[in-house]
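Undergrad: The structure that follows is given in the form of structure tokens.
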Amino acid sequence: MKRLLYLCVLLSNLHGFSQQTEIPKKYVLDISQFYGSILLHNTDISHLITDHPGGLILGFNRKRFGNEEWESQFGYPDTGLSFVYQNMNNTTLGENFGLYAHYNFYFLKRNLQFRVAQGVAYNTNPYDKDTNFRNNAFGSHLLASTLVMLNYHKENLFAGLGLKAGLSLIHYSNANFKAPNTSTNTMALNVGLTYDLDGGDTFEFMTPESKEKISEPIRYNLAFRTGVNESDVINSGRYGFWIVSAYADKRLGRKSAGQLGTDVFFSNFLKELVRFQSIAFPELDVAADTDFKRVGLFVGHELFINKMSIVTQLGYYVYYPFDFEGQVYNRIGLKRYFGDKIFGAITLKSHAAKAETVEFGIGIRL
């Protein structure tokens, strides 16, 4: 009986300890109004820049306090969702409605907030050869979109209410899923409010225990990427593509790894573009049997954030029989690890600021 009593006391103490160290979930809402300008990144859209766009940015944020190791490594960022409504104030461009996943990173004693968000937007008035032929920015209703915000951010100034103000950049593009695809970039000023759903309760950040540095041997990766895209020739058709990648990576610490590898591209839209140019533009001197395949070498970097990572790569085509946007290419995107070896990825491949495609991939890290 005494032993049972001692066991009950011990379990109750353990339960009490877990309650004391458990980090609560804390949520903050924010709403901002913005007003700005469409940047003239390409003279082909100069006829579309007729007024200043404006709209609203809504945010739903989960605060992080160090319950997981990665949170303290990145300065206790927020994770959350953003919604953006943007009126382009141009009847040709229409309106955009976007939904994003985001991270908020903090600097300067958490007074400066940097939000980076990636998502999908819906455009109300894309290109149509009969009814909206002037919209050469958006070729489809669905667009890939990136949101970046740099704000002075002060929560809980009074009864859970706070303020934020700063700059926002919103990018829309369908990544050549369908032509035309000149895209737009909006630079805007924003000002808004935050509201703490807990009414202003504050919690201490957990200080992580010091851990040994991660040391790994060189790891080898195989990846397969695919998707659909179209050349810049309107109505030339959308075609599937396949990319096989092999690369090695070496961990540089807990947060990052360097990469070196090769890509082999099977881009069927180029096969059609070769055929089209050989017939329609004989002055270009493109042979109809020109090989559409390409081979590239690349260097890259991977930034690890929990089970997610951000990948950036810079490549050069060493086999390049058909000239398309130059021999230098770049790739940026997200990876998600499922266990220690298998990963999925969504990446944007482009040539400088000229997008070629969005890639959906799966791979293995050995």
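The chains in the structure tokens are called A, B, ... from first to last as shown; in each chain the residues are counted from 1, and the ligands are counted from 1 in the order shown.
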Mind checking which residues fall within 10 Å of Ala144 in chain A, counting only C-alpha atoms, ignoring those fewer than 3 positions away in the same chain, and posting them as a list in words?
TA: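 Those residues are Gly98, Tyr100, Gln118, Gly119, Val120, Ala121, Tyr122, His171, Tyr172, Ser173, Asn174, Ala175, Phe177, Ser183, Leu348 and Val358 of chain A.
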Undergrad: Considering only C-alpha atoms, give me a table of residues in range 222-265 of chain A that are at most 12 Å from range 318-336 of chain A, with the closest atom pair and distance in Å for each, as a Markdown table.
TA:
```
| residue | atom | partner | partner_atom | distance |
| --- | --- | --- | --- | --- |
| A:Ala223 | CA | A:Lys335 | CA | 11.3 |
| A:Ser231 | CA | A:Phe324 | CA | 9.9 |
| A:Asp232 | CA | A:Phe324 | CA | 10.8 |
| A:Thr262 | CA | A:Val318 | CA | 9.8 |
| A:Asp263 | CA | A:Val318 | CA | 10.1 |
| A:Val264 | CA | A:Tyr319 | CA | 9.3 |
| A:Phe265 | CA | A:Tyr319 | CA | 10.0 |
```
Undergrad: Include N, CA, C and O atoms and write out the residues we just selected as a CSV table (one decimal), in the first residue's frame.
TA:
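File produced: result21.csv:
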```
chain,number,residue,atom,x,y,z
A,223,ALA,N,16.9,13.1,-57.1
A,223,ALA,CA,15.6,13.8,-57.2
A,223,ALA,C,15.0,13.7,-58.6
A,223,ALA,O,15.7,13.8,-59.6
A,231,SER,N,5.8,27.8,-73.6
A,231,SER,CA,6.8,28.8,-74.0
A,231,SER,C,6.1,30.2,-74.0
A,231,SER,O,4.9,30.3,-73.8
A,232,ASP,N,6.8,31.2,-74.4
A,232,ASP,CA,6.2,32.6,-74.4
A,232,ASP,C,5.3,32.8,-75.6
A,232,ASP,O,4.7,33.8,-75.7
A,262,THR,N,24.3,17.9,-60.6
A,262,THR,CA,23.9,18.0,-62.0
A,262,THR,C,22.5,17.8,-62.2
A,262,THR,O,21.8,17.0,-61.5
A,263,ASP,N,21.9,18.4,-63.2
A,263,ASP,CA,20.5,18.3,-63.7
A,263,ASP,C,20.5,17.8,-65.1
A,263,ASP,O,21.3,18.3,-65.9
A,264,VAL,N,19.6,17.0,-65.5
A,264,VAL,CA,19.3,16.6,-66.9
A,264,VAL,C,17.8,17.0,-67.1
A,264,VAL,O,16.9,16.5,-66.4
A,265,PHE,N,17.6,17.9,-68.1
A,265,PHE,CA,16.3,18.5,-68.4
A,265,PHE,C,15.7,17.9,-69.7
A,265,PHE,O,16.3,17.8,-70.7
```
Undergrad: Looking only at strand (DSSP E or B) from DSSP on the backbone, list the matching residues of range 267-302 of chain A as a PyMOL selection string.
TA: chain A and resi 267+294-302
Undergrad: Hey, can you check how far CA of Asn185 in chain A sits from CA of Gly237 in chain A?
TA: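 According to the coordinates, CA of Asn185 in chain A and CA of Gly237 in chain A are separated by 26.1 Å.
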Undergrad: Quick one, how far is CA of Asp196 in chain A from CA of Phe304 in chain A?
TA: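 Separation of CA of Asp196 in chain A and CA of Phe304 in chain A: 29.1 Å.
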